[in-house]
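S.K.: Please find data_34.pdb (PDB, C-alpha atoms and all ligand atoms) on the next line:
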```pdb
ATOM      1  CA  MET V   1     127.118  66.308 119.109
ATOM      2  CA  ASP V   2     123.705  66.030 117.423
ATOM      3  CA  CYS V   3     124.382  68.102 114.321
ATOM      4  CA  ILE V   4     123.829  65.780 111.381
ATOM      5  CA  PHE V   5     126.070  67.800 109.039
ATOM      6  CA  CYS V   6     128.894  67.774 111.622
ATOM      7  CA  LYS V   7     128.484  63.986 111.689
ATOM      8  CA  ILE V   8     128.677  63.888 107.893
ATOM      9  CA  SER V   9     131.796  66.084 107.896
ATOM     10  CA  LYS V  10     133.432  63.689 110.389
ATOM     11  CA  LYS V  11     132.394  60.690 108.240
ATOM     12  CA  LEU V  12     130.152  59.294 110.998
ATOM     13  CA  ILE V  13     127.272  59.262 108.502
ATOM     14  CA  GLU V  14     127.768  58.151 104.915
ATOM     15  CA  THR V  15     126.556  60.160 101.942
ATOM     16  CA  GLU V  16     126.841  59.998  98.177
ATOM     17  CA  LEU V  17     129.923  62.205  98.340
ATOM     18  CA  ILE V  18     130.781  64.147  95.190
ATOM     19  CA  TYR V  19     133.430  66.565  96.492
ATOM     20  CA  GLU V  20     135.653  67.095  99.521
ATOM     21  CA  ASP V  21     138.549  69.343 100.500
ATOM     22  CA  GLU V  22     139.872  70.800 103.759
ATOM     23  CA  TYR V  23     136.969  73.263 104.117
ATOM     24  CA  ILE V  24     133.876  71.836 102.422
ATOM     25  CA  MET V  25     132.027  68.712 101.324
ATOM     26  CA  GLY V  26     129.463  68.219  98.566
ATOM     27  CA  PHE V  27     127.014  65.310  98.357
ATOM     28  CA  LYS V  28     123.693  64.304  96.847
ATOM     29  CA  ASP V  29     120.628  65.369  98.810
ATOM     30  CA  ILE V  30     118.839  62.377 100.308
ATOM     31  CA  ARG V  31     115.387  63.845  99.398
ATOM     32  CA  PRO V  32     115.953  65.506  96.010
ATOM     33  CA  GLN V  33     113.630  68.421  95.151
ATOM     34  CA  ALA V  34     114.595  68.327  91.453
ATOM     35  CA  LYS V  35     116.365  65.991  89.028
ATOM     36  CA  VAL V  36     119.685  67.264  90.357
ATOM     37  CA  HIS V  37     119.931  68.240  94.013
ATOM     38  CA  LEU V  38     123.343  68.596  95.619
ATOM     39  CA  VAL V  39     124.236  69.977  99.041
ATOM     40  CA  PHE V  40     127.510  71.692  99.966
ATOM     41  CA  ILE V  41     128.370  72.011 103.658
ATOM     42  CA  SER V  42     131.170  73.703 105.567
ATOM     43  CA  LYS V  43     133.314  71.197 107.476
ATOM     44  CA  GLU V  44     133.351  73.468 110.496
ATOM     45  CA  HIS V  45     130.066  74.118 112.262
ATOM     46  CA  ILE V  46     128.625  77.473 111.145
ATOM     47  CA  GLU V  47     124.978  77.864 112.098
ATOM     48  CA  SER V  48     123.737  79.533 108.912
ATOM     49  CA  ALA V  49     124.619  82.115 106.256
ATOM     50  CA  ASP V  50     123.620  84.665 108.892
ATOM     51  CA  HIS V  51     126.799  83.654 110.750
ATOM     52  CA  ILE V  52     129.245  84.322 107.909
ATOM     53  CA  ASN V  53     131.962  86.802 108.893
ATOM     54  CA  LEU V  54     135.477  87.908 107.864
ATOM     55  CA  GLU V  55     137.027  84.833 109.485
ATOM     56  CA  ASN V  56     134.930  82.217 107.697
ATOM     57  CA  SER V  57     133.834  83.872 104.436
ATOM     58  CA  HIS V  58     136.606  82.078 102.479
ATOM     59  CA  ILE V  59     134.506  78.924 102.960
ATOM     60  CA  VAL V  60     131.616  80.464 101.025
ATOM     61  CA  GLY V  61     133.970  81.625  98.276
ATOM     62  CA  ARG V  62     135.391  78.123  98.030
ATOM     63  CA  MET V  63     131.897  76.655  97.735
ATOM     64  CA  PHE V  64     130.927  78.938  94.846
ATOM     65  CA  GLN V  65     134.211  78.244  93.032
ATOM     66  CA  VAL V  66     133.847  74.489  93.364
ATOM     67  CA  ILE V  67     130.178  74.525  92.333
ATOM     68  CA  ALA V  68     131.061  76.516  89.179
ATOM     69  CA  LYS V  69     133.784  73.970  88.400
ATOM     70  CA  ILE V  70     131.764  70.792  88.886
ATOM     71  CA  SER V  71     128.371  71.961  87.566
ATOM     72  CA  SER V  72     129.006  70.739  84.016
ATOM     73  CA  HIS V  73     129.574  67.201  85.361
ATOM     74  CA  TYR V  74     126.108  67.092  86.932
ATOM     75  CA  ASN V  75     123.865  68.034  84.025
ATOM     76  CA  LEU V  76     123.662  71.681  85.105
ATOM     77  CA  GLN V  77     125.022  73.211  81.874
ATOM     78  CA  ARG V  78     121.682  74.894  81.122
ATOM     79  CA  GLY V  79     121.616  76.623  84.508
ATOM     80  CA  TYR V  80     120.730  75.902  88.091
ATOM     81  CA  ARG V  81     119.802  77.553  91.372
ATOM     82  CA  ILE V  82     121.802  77.960  94.593
ATOM     83  CA  ILE V  83     119.706  78.326  97.726
ATOM     84  CA  THR V  84     120.558  78.701 101.381
ATOM     85  CA  ASN V  85     117.752  78.541 103.941
ATOM     86  CA  ILE V  86     118.259  80.625 107.087
ATOM     87  CA  GLY V  87     116.496  80.133 110.411
ATOM     88  CA  GLU V  88     112.925  79.232 111.194
ATOM     89  CA  ASP V  89     111.141  81.530 108.728
ATOM     90  CA  GLY V  90     113.665  80.569 106.050
ATOM     91  CA  GLY V  91     112.770  76.892 106.512
ATOM     92  CA  GLN V  92     116.242  75.829 107.660
ATOM     93  CA  GLU V  93     115.859  72.339 109.114
ATOM     94  CA  ILE V  94     119.529  71.590 109.672
ATOM     95  CA  ARG V  95     121.201  74.401 111.611
ATOM     96  CA  HIS V  96     124.586  73.992 109.943
ATOM     97  CA  PHE V  97     125.411  76.253 106.987
ATOM     98  CA  HIS V  98     124.835  74.641 103.593
ATOM     99  CA  LEU V  99     124.046  75.518  99.996
ATOM    100  CA  HIS V 100     121.450  73.645  97.942
ATOM    101  CA  ILE V 101     122.295  73.262  94.237
ATOM    102  CA  ILE V 102     119.145  72.492  92.324
ATOM    103  CA  GLY V 103     118.627  71.914  88.615
ATOM    104  CA  GLY V 104     118.776  69.356  85.866
ATOM    105  CA  GLU V 105     115.402  70.624  84.603
ATOM    106  CA  PRO V 106     113.680  74.025  84.140
ATOM    107  CA  LEU V 107     112.860  75.452  87.586
ATOM    108  CA  LYS V 108     109.792  77.458  88.497
ATOM    109  CA  LYS V 109     110.322  80.994  89.798
ATOM    110  CA  GLU V 110     108.299  80.695  92.968
ATOM    111  CA  ILE V 111     109.308  81.845  96.436
ATOM    112  CA  ASN V 112     107.880  78.876  98.333
TER     113      ASN V 112
HETATM  114  P1  LIG L   1     117.461  72.657 105.006
HETATM  115  O1  LIG L   1     115.975  72.492 105.072
HETATM  116  O2  LIG L   1     117.895  73.838 104.190
HETATM  117  O3  LIG L   1     118.085  72.608 106.367
HETATM  118  O4  LIG L   1     117.993  71.409 104.166
HETATM  119  C1  LIG L   1     118.532  70.245 104.699
HETATM  120  C2  LIG L   1     118.687  69.283 103.542
HETATM  121  O5  LIG L   1     119.534  68.227 103.941
HETATM  122  C3  LIG L   1     117.368  68.649 103.073
HETATM  123  O6  LIG L   1     117.194  68.906 101.673
HETATM  124  C4  LIG L   1     117.566  67.160 103.363
HETATM  125  O7  LIG L   1     116.959  66.320 102.406
HETATM  126  C5  LIG L   1     119.081  67.039 103.346
HETATM  127  N1  LIG L   1     119.596  65.923 104.150
HETATM  128  C6  LIG L   1     119.302  65.636 105.435
HETATM  129  N2  LIG L   1     119.993  64.554 105.847
HETATM  130  C7  LIG L   1     120.746  64.155 104.806
HETATM  131  C8  LIG L   1     121.681  63.100 104.595
HETATM  132  N3  LIG L   1     121.979  62.214 105.571
HETATM  133  N4  LIG L   1     122.264  62.974 103.386
HETATM  134  C9  LIG L   1     121.957  63.854 102.396
HETATM  135  N5  LIG L   1     121.107  64.874 102.531
HETATM  136  C10 LIG L   1     120.506  65.034 103.711
HETATM  137 ZN    ZN L   2     127.215  71.138 112.557
END
```
Before anything else, please render the file you have as structure tokens.
Ligand code: AMP
Ligand code: ZN

M.R.:
Amino acid sequence: MDCIFCKISKKLIETELIYEDEYIMGFKDIRPQAKVHLVFISKEHIESADHINLENSHIVGRMFQVIAKISSHYNLQRGYRIITNIGEDGGQEIRHFHLHIIGGEPLKKEIN
């Protein structure tokens, strides 16, 4: 198994964990792109948001609910951005579905 996020979900790699339940984990990004940069992953291996279907979409719903609940604890009260990179053109380096939560400062509205 070489998927780094599967290793994180099985606790084979340590992170600065901020949230965990039966379906998802949230932790601080190791290379933050903004003052606040969190990552939420599915515990099960889903390749990307392009592989969300009726069987696994509850995981995405759970992620959005939890992010809305914890955002005020991470200096995101003024707003933030949720991003998911998909595939090669989308710049997805880790091929295991995850959401980036970015904020803690005003963000620029650029695509790249
Ligand atoms: P992506 O380019 O969308 O696949 O994003 C992968 C993200 O995972 C990047 O922002 C990395 O900095 C982050 N990352 C990779 N390895 C770790 C790790 N061990 N702990 C925390 N974040 C990580
Ligand atoms: Zn994986």

S.K.: List, as a list in words, every residue that the PyMOL selection byres (((chain V and resi 87-96) around 9) and not hetatm) selects in the file provided.

M.R.: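 The output of the PyMOL selection byres (((chain V and resi 87-96) around 9) and not hetatm) on this file is Cys3, Ile4, Phe5, Cys6, Ile41, Ser42, Glu44, His45, Ile46, Glu47, Ser48, Ala49, Asp50, Thr84, Asn85, Ile86, Phe97 and His98 of chain V.
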
S.K.: In Å, with one decimal, what is the gap from atom CA of Glu105 of chain V to atom P1 of ligand LIG 1 (chain L)?

M.R.: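 Between atom CA of Glu105 of chain V and atom P1 of ligand LIG 1 (chain L) the gap works out to 20.6 Å.
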
S.K.: Starting from the shown file, work through the PyMOL selection byres (((chain V and resi 65-80) around 9) and not hetatm) and note down what comes out as a tab-separated table (two decimals) with C-alpha atoms, in the frame of the given file.

M.R.:
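Final output, saved to part-v3.tsv:
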```
chain	number	residue	atom	x	y	z
V	19	TYR	CA	133.43	66.56	96.49
V	26	GLY	CA	129.46	68.22	98.57
V	36	VAL	CA	119.68	67.26	90.36
V	40	PHE	CA	127.51	71.69	99.97
V	60	VAL	CA	131.62	80.46	101.02
V	61	GLY	CA	133.97	81.62	98.28
V	62	ARG	CA	135.39	78.12	98.03
V	63	MET	CA	131.90	76.66	97.74
V	64	PHE	CA	130.93	78.94	94.85
V	81	ARG	CA	119.80	77.55	91.37
V	82	ILE	CA	121.80	77.96	94.59
V	101	ILE	CA	122.30	73.26	94.24
V	102	ILE	CA	119.14	72.49	92.32
V	103	GLY	CA	118.63	71.91	88.62
V	104	GLY	CA	118.78	69.36	85.87
V	105	GLU	CA	115.40	70.62	84.60
V	106	PRO	CA	113.68	74.03	84.14
V	107	LEU	CA	112.86	75.45	87.59
```

S.K.: Interatomic distance between atom CA of Lys28 of chain V and atom CA of Ile59 of chain V?

M.R.: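 Separation between atom CA of Lys28 of chain V and atom CA of Ile59 of chain V: 19.2 Å.
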
S.K.: Please, what distance in Å, to one decimal, runs between atom CA of Lys35 of chain V and atom CA of Glu22 of chain V?

M.R.: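 Distance between the two atoms: 28.2 Å.
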
S.K.: Around all of ligand LIG 1 (chain L)'s listed atoms, make the axis-aligned box with 3 Å on each side and tell me centre and edge lengths in Å to one decimal, as lines of an AutoDock Vina configuration file.

M.R.:
```
center_x = 119.1
center_y = 68.0
center_z = 104.0
size_x = 12.3
size_y = 17.6
size_z = 10.7
```

S.K.: Counting all atoms listed in the file, figure out which residue out of V:His100, V:Lys109, V:Lys43, V:Lys10 gets nearest to ligand LIG 1 (chain L).

M.R.: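 Closest residue, counting all atoms listed in the file: V:His100.
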
S.K.: So, counting all atoms listed in the file, which residue among V:Ile8, V:Ile18, V:Leu54, V:Ile30 is closest to ligand LIG 1 (chain L)?

M.R.: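 Checking each candidate against ligand LIG 1 (chain L), we get V:Ile30 as the closest.
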